[in-house]
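Data file: entry.txt. Format and content: compact mmCIF, C-alpha atoms.
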# COMPACT_ATOMS: atom_id res chain seq x y z
CA MET A 1 -48.58 -16.54 -51.30
CA THR A 2 -46.78 -16.09 -48.02
CA ALA A 3 -43.75 -18.03 -46.90
CA THR A 4 -44.20 -20.61 -44.16
CA THR A 5 -41.62 -21.81 -41.68
CA HIS A 6 -41.45 -25.30 -40.17
CA VAL A 7 -39.19 -26.02 -37.21
CA LEU A 8 -37.89 -29.57 -36.79
CA LYS A 9 -36.62 -30.19 -33.28
CA PRO A 10 -34.63 -33.22 -32.13
CA ALA A 11 -35.84 -35.48 -29.37
CA LEU A 12 -35.19 -34.25 -25.84
CA PRO A 13 -32.02 -36.00 -24.60
CA LEU A 14 -33.28 -37.57 -21.39
CA ARG A 15 -30.13 -39.56 -20.52
CA PRO A 16 -27.89 -36.53 -19.82
CA PHE A 17 -30.67 -34.93 -17.77
CA ALA A 18 -30.97 -38.14 -15.72
CA ILE A 19 -27.20 -38.30 -15.25
CA ALA A 20 -27.09 -34.68 -14.08
CA ALA A 21 -29.98 -35.31 -11.65
CA GLY A 22 -28.34 -38.45 -10.26
CA LEU A 23 -25.03 -36.63 -9.89
CA ALA A 24 -26.72 -33.75 -8.05
CA VAL A 25 -28.47 -36.14 -5.65
CA PHE A 26 -25.19 -37.97 -5.00
CA ALA A 27 -23.40 -34.66 -4.43
CA ALA A 28 -26.07 -33.52 -1.98
CA ALA A 29 -25.73 -36.83 -0.10
CA VAL A 30 -21.94 -36.37 0.08
CA ILE A 31 -22.29 -32.82 1.41
CA VAL A 32 -24.91 -33.72 4.03
CA GLY A 33 -23.16 -36.98 4.97
CA SER A 34 -19.80 -35.32 5.40
CA GLN A 35 -21.33 -32.66 7.66
CA LEU A 36 -23.20 -35.20 9.78
CA ALA A 37 -20.22 -37.55 10.08
CA GLY A 38 -17.78 -34.75 10.86
CA TRP A 39 -15.52 -35.55 7.93
CA SER A 40 -13.03 -33.18 6.42
CA ILE A 41 -14.24 -30.05 4.64
CA ALA A 42 -12.70 -31.52 1.46
CA PHE A 43 -15.73 -33.82 1.09
CA SER A 44 -18.09 -30.85 1.22
CA ILE A 45 -16.00 -28.99 -1.34
CA GLY A 46 -15.99 -32.10 -3.54
CA GLY A 47 -19.77 -32.30 -3.22
CA VAL A 48 -20.12 -28.68 -4.31
CA GLY A 49 -17.83 -29.43 -7.25
CA LEU A 50 -20.09 -32.35 -8.24
CA ILE A 51 -23.16 -30.10 -8.07
CA LEU A 52 -21.39 -27.60 -10.34
CA LEU A 53 -20.50 -30.44 -12.72
CA ALA A 54 -24.15 -31.53 -12.80
CA LEU A 55 -25.16 -27.95 -13.60
CA VAL A 56 -22.62 -27.77 -16.44
CA ILE A 57 -23.93 -31.07 -17.89
CA LEU A 58 -27.47 -29.74 -17.65
CA LEU A 59 -26.67 -26.45 -19.36
CA LEU A 60 -24.61 -28.03 -22.15
CA THR A 61 -27.33 -30.60 -22.83
CA TRP A 62 -30.01 -27.91 -23.01
CA TRP A 63 -27.85 -25.70 -25.25
CA SER A 64 -26.99 -28.52 -27.67
CA TRP A 65 -30.64 -29.60 -27.86
CA ARG A 66 -31.70 -26.05 -28.76
CA ALA A 67 -28.85 -25.64 -31.26
CA MET A 68 -29.85 -28.77 -33.22
CA ALA A 69 -33.23 -27.39 -34.31
CA VAL A 70 -33.66 -27.03 -38.08
CA THR A 71 -35.86 -24.39 -39.70
CA VAL A 72 -37.35 -25.04 -43.14
CA THR A 73 -38.82 -22.01 -44.91
CA LEU A 74 -41.01 -22.64 -47.94
CA SER A 75 -41.77 -19.70 -50.23
CA ASP A 76 -43.04 -19.22 -53.77
CA GLU A 77 -39.46 -19.21 -55.05
CA GLY A 78 -38.16 -22.27 -53.23
CA VAL A 79 -36.98 -23.80 -50.00
CA ALA A 80 -34.42 -22.58 -47.46
CA VAL A 81 -33.04 -24.79 -44.71
CA GLY A 82 -31.17 -23.38 -41.73
CA GLY A 83 -29.75 -25.23 -38.79
CA PRO A 84 -26.53 -26.31 -37.13
CA GLY A 85 -24.81 -26.98 -40.48
CA PRO A 86 -24.46 -24.76 -43.52
CA ASP A 87 -27.65 -23.16 -44.81
CA GLN A 88 -29.11 -24.73 -47.94
CA ARG A 89 -31.37 -23.21 -50.57
CA GLY A 90 -33.16 -24.51 -53.60
CA ASN A 91 -35.52 -23.13 -56.22
CA TRP A 92 -38.64 -25.10 -57.08
CA ARG A 93 -37.73 -25.04 -60.79
CA ASP A 94 -34.38 -26.74 -60.02
CA ILE A 95 -35.88 -29.60 -57.98
CA THR A 96 -36.11 -32.67 -60.19
CA LYS A 97 -37.21 -35.32 -57.71
CA VAL A 98 -38.50 -35.66 -54.15
CA THR A 99 -38.36 -38.87 -52.12
CA GLU A 100 -39.95 -39.50 -48.76
CA LEU A 101 -39.23 -42.24 -46.26
CA PRO A 102 -40.43 -42.35 -42.65
CA GLY A 103 -38.66 -39.41 -41.01
CA ARG A 104 -36.74 -38.35 -44.12
CA ILE A 105 -37.46 -36.07 -47.09
CA VAL A 106 -34.86 -35.67 -49.83
CA LEU A 107 -35.11 -32.90 -52.45
CA TYR A 108 -32.95 -33.62 -55.51
CA GLN A 109 -31.55 -30.75 -57.53
CA GLY A 110 -30.13 -32.41 -60.61
CA ASP A 111 -27.74 -35.33 -60.27
CA SER A 112 -25.40 -34.05 -57.59
CA LYS A 113 -27.11 -31.62 -55.20
CA ARG A 114 -29.53 -32.76 -52.51
CA ILE A 115 -31.32 -31.20 -49.58
CA GLN A 116 -32.00 -33.78 -46.90
CA LEU A 117 -34.50 -33.19 -44.11
CA VAL A 118 -34.27 -35.78 -41.36
CA SER A 119 -36.44 -36.13 -38.27
CA PRO A 120 -34.88 -38.22 -35.49
CA HIS A 121 -38.40 -39.03 -34.27
CA GLY A 122 -39.25 -40.84 -37.51
CA SER A 123 -42.48 -39.93 -39.21
CA THR A 124 -44.20 -37.17 -37.25
CA ALA A 125 -47.08 -34.81 -37.86
CA SER A 126 -44.65 -31.95 -38.52
CA MET A 127 -42.75 -33.99 -41.14
CA ASP A 128 -46.03 -35.07 -42.77
CA ALA A 129 -47.23 -31.45 -42.90
CA LEU A 130 -43.89 -30.39 -44.38
CA ALA A 131 -44.04 -33.12 -47.04
CA THR A 132 -47.60 -32.16 -47.94
CA GLU A 133 -46.71 -28.50 -48.32
CA ILE A 134 -43.60 -29.31 -50.38
CA ALA A 135 -45.77 -31.37 -52.75
CA GLN A 136 -48.33 -28.56 -53.02
CA ARG A 137 -45.69 -25.91 -53.67
CA LEU A 138 -43.98 -28.08 -56.29
CA ASP A 139 -47.32 -28.62 -58.04
CA LEU A 140 -48.04 -24.91 -57.92
CA SER A 141 -44.61 -24.00 -59.30
CA ARG A 142 -45.17 -26.32 -62.25
CA GLY A 143 -48.70 -25.05 -62.89
CA TYR A 144 -50.52 -28.23 -61.82
CA GLY A 145 -52.98 -26.66 -59.42
CA GLU A 146 -53.63 -24.02 -56.80
CA LEU A 147 -52.57 -24.10 -53.18
CA ARG A 148 -55.66 -23.98 -51.02

In structure tokens, write the structure found in this file.
Amino acid sequence: MTATTHVLKPALPLRPFAIAAGLAVFAAAVIVGSQLAGWSIAFSIGGVGLILLALVILLLTWWSWRAMAVTVTLSDEGVAVGGPGPDQRGNWRDITKVTELPGRIVLYQGDSKRIQLVSPHGSTASMDALATEIAQRLDLSRGYGELR
């Protein structure tokens, strides 16, 4: 059976995008207003600096949103989780218990080791599909049935 990969993405952070947009509009108003009112060139330079700050906020927000994605790869041997933290791996034979809450799946490997998969959106179709496939692969690894 082939390995499948699920990608869990965090919610799009709208607040920083709104702040950057508001800052850019304010900066544009400062630049245009200073030119129309005949103010010092320092106001125009400050407005350009605010536009650059808005751009930096926008780029950092986009980069952090992309960096927080988690990939879960399910294979015949086990599960591999990669993301912003350290990579985690587990074999199906070592998993002793699985719990599922809305937006959270926890794979227990004995008494001390756990792999936690958390969706900030709560229960979503991608988390439900992941939980279903984990259950099927666990059943298959223990000889309970075939994956269809």

Next on the checklist: Which residues are near region 65-79 of chain A? Cut-off 10 Å, only C-alpha atoms, ignore same chain within fewer than 3 positions. Put them as a VMD selection string.
Outcome noted: chain A and resid 1 to 13 59 to 62 82 to 85 87 to 95 107 115 117 to 119 130 133 to 134 137 to 138 140 to 141

Centre, edges in Å (one decimal): axis-aligned box, region 51-70 of chain A, 5 Å padding on all six sides, as JSON:
{"center_x": -27.1, "center_y": -28.6, "center_z": -23.1, "size_x": 23.2, "size_y": 15.9, "size_z": 40.0}

Checklist entry - Any idea what the distance is between CA of Thr124 (chain A) and CA of Thr96 (chain A)? => result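 Those two atoms sit 24.7 Å apart.
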
Checklist outcome for this item: Separating CA of Val56 (chain A) from CA of Ala20 (chain A), to the nearest tenth of an Å, is a gap of 8.6 Å

Item to check | Selected residue of minimal separation from Leu52 (chain A) among A:Leu23, A:Leu36, A:Ala80, A:Leu14, counting all atoms listed in the file | outcome: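 Answer, going by the shortest atom-to-atom distance: A:Leu23.
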
Item to check | CA of Ile41 (chain A) to CA of Phe26 (chain A), straight-line distance in Å | outcome: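 We find that CA of Phe26 (chain A) and CA of Ile41 (chain A) lie 16.6 Å from each other.
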
Item to check | Given only C-alpha atoms as the counted atoms, nearest of A:Gly143, A:Gly110, A:Gly47, A:Gly103 to Ala125 (chain A) | outcome: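 The answer is A:Gly103, which sits nearest to Ala125 (chain A).
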
Next on the checklist: Residues within 9 Å of Arg104 (chain A), please, as a PyMOL selection string. Count all atoms listed in the file; anything in the same chain fewer than 3 positions from it doesn't count.
Outcome noted: chain A and resi 99-101+116-120+122-123+127

Resulting file, chosen residues, C-alpha atoms, as a PDB file, in the frame of the given file:
ATOM      1  CA  THR A  99     -38.360 -38.870 -52.120  1.00  0.00           C
ATOM      2  CA  GLU A 100     -39.950 -39.500 -48.760  1.00  0.00           C
ATOM      3  CA  LEU A 101     -39.230 -42.240 -46.260  1.00  0.00           C
ATOM      4  CA  GLN A 116     -32.000 -33.780 -46.900  1.00  0.00           C
ATOM      5  CA  LEU A 117     -34.500 -33.190 -44.110  1.00  0.00           C
ATOM      6  CA  VAL A 118     -34.270 -35.780 -41.360  1.00  0.00           C
ATOM      7  CA  SER A 119     -36.440 -36.130 -38.270  1.00  0.00           C
ATOM      8  CA  PRO A 120     -34.880 -38.220 -35.490  1.00  0.00           C
ATOM      9  CA  GLY A 122     -39.250 -40.840 -37.510  1.00  0.00           C
ATOM     10  CA  SER A 123     -42.480 -39.930 -39.210  1.00  0.00           C
ATOM     11  CA  MET A 127     -42.750 -33.990 -41.140  1.00  0.00           C
TER      12      MET A 127
END

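Here the question is which of A:Ser34, A:Ile45, A:Ile105, A:Ser112 gets nearest to Asp128 (chain A) using only C-alpha atoms, and that residue is A:Ile105.
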
Emit a file covering region 42-134 of chain A of the preceding structure with C-alpha atoms, as a compact mmCIF listing (two decimals), in the first residue's frame.
# COMPACT_ATOMS: atom_id res chain seq x y z
CA ALA A 42 10.29 64.41 6.46
CA PHE A 43 6.57 63.55 6.47
CA SER A 44 6.86 61.94 3.04
CA ILE A 45 9.91 59.98 4.14
CA GLY A 46 8.04 58.89 7.28
CA GLY A 47 5.13 57.77 5.10
CA VAL A 48 7.45 55.69 2.94
CA GLY A 49 8.91 54.18 6.11
CA LEU A 50 5.39 53.24 7.26
CA ILE A 51 4.67 51.59 3.90
CA LEU A 52 7.89 49.59 4.25
CA LEU A 53 6.86 48.60 7.78
CA ALA A 54 3.48 47.44 6.48
CA LEU A 55 5.26 45.37 3.83
CA VAL A 56 7.53 43.78 6.46
CA ILE A 57 4.48 42.91 8.62
CA LEU A 58 2.79 41.39 5.59
CA LEU A 59 5.80 39.29 4.59
CA LEU A 60 6.51 38.06 8.13
CA THR A 61 2.86 37.11 8.63
CA TRP A 62 2.76 35.19 5.35
CA TRP A 63 6.07 33.44 6.11
CA SER A 64 5.03 32.41 9.64
CA TRP A 65 1.67 31.13 8.38
CA ARG A 66 3.41 28.96 5.76
CA ALA A 67 6.02 27.74 8.26
CA MET A 68 3.37 26.48 10.72
CA ALA A 69 1.97 23.85 8.34
CA VAL A 70 2.30 20.26 9.59
CA THR A 71 2.66 17.26 7.28
CA VAL A 72 1.51 13.83 8.45
CA THR A 73 2.69 10.88 6.36
CA LEU A 74 0.99 7.54 6.93
CA SER A 75 2.68 4.42 5.55
CA ASP A 76 2.46 0.68 6.12
CA GLU A 77 5.20 0.92 8.74
CA GLY A 78 3.87 3.86 10.73
CA VAL A 79 3.34 7.58 10.97
CA ALA A 80 5.76 10.47 10.43
CA VAL A 81 4.97 14.03 11.46
CA GLY A 82 6.97 16.99 10.20
CA GLY A 83 6.44 20.64 10.93
CA PRO A 84 7.86 23.63 12.73
CA GLY A 85 9.01 21.52 15.71
CA PRO A 86 11.10 18.37 15.79
CA ASP A 87 10.00 15.57 13.47
CA GLN A 88 8.20 12.68 15.15
CA ARG A 89 7.87 9.08 14.03
CA GLY A 90 6.01 6.07 15.28
CA ASN A 91 5.51 2.48 14.20
CA TRP A 92 2.00 1.05 14.15
CA ARG A 93 3.09 -1.89 16.33
CA ASP A 94 4.28 0.55 19.05
CA ILE A 95 1.04 2.55 19.21
CA THR A 96 -0.98 1.35 22.18
CA LYS A 97 -3.84 3.84 22.21
CA VAL A 98 -5.39 6.58 20.08
CA THR A 99 -7.68 9.30 21.41
CA GLU A 100 -9.61 11.83 19.39
CA LEU A 101 -11.22 15.05 20.51
CA PRO A 102 -12.54 17.81 18.25
CA GLY A 103 -9.44 19.13 16.51
CA ARG A 104 -6.99 16.83 18.31
CA ILE A 105 -5.66 13.32 17.71
CA VAL A 106 -3.20 11.78 20.18
CA LEU A 107 -1.23 8.63 19.36
CA TYR A 108 0.17 6.95 22.48
CA GLN A 109 3.36 4.92 22.25
CA GLY A 110 3.58 3.20 25.61
CA ASP A 111 3.29 5.22 28.81
CA SER A 112 5.58 8.12 28.03
CA LYS A 113 5.74 8.92 24.31
CA ARG A 114 2.92 10.67 22.47
CA ILE A 115 2.38 12.14 19.04
CA GLN A 116 -0.16 14.95 19.18
CA LEU A 117 -1.86 16.29 16.07
CA VAL A 118 -3.75 19.51 16.70
CA SER A 119 -5.88 21.50 14.29
CA PRO A 120 -6.46 25.13 15.32
CA HIS A 121 -9.70 25.07 13.31
CA GLY A 122 -11.20 22.39 15.54
CA SER A 123 -12.75 19.39 13.85
CA THR A 124 -12.33 19.71 10.09
CA ALA A 125 -12.75 17.42 7.12
CA SER A 126 -8.97 16.99 6.87
CA MET A 127 -8.71 15.96 10.54
CA ASP A 128 -11.65 13.57 10.15
CA ALA A 129 -10.05 12.01 7.06
CA LEU A 130 -6.74 11.69 8.93
CA ALA A 131 -8.43 10.03 11.92
CA THR A 132 -10.27 7.61 9.65
CA GLU A 133 -7.09 6.61 7.84
CA ILE A 134 -5.17 6.22 11.12
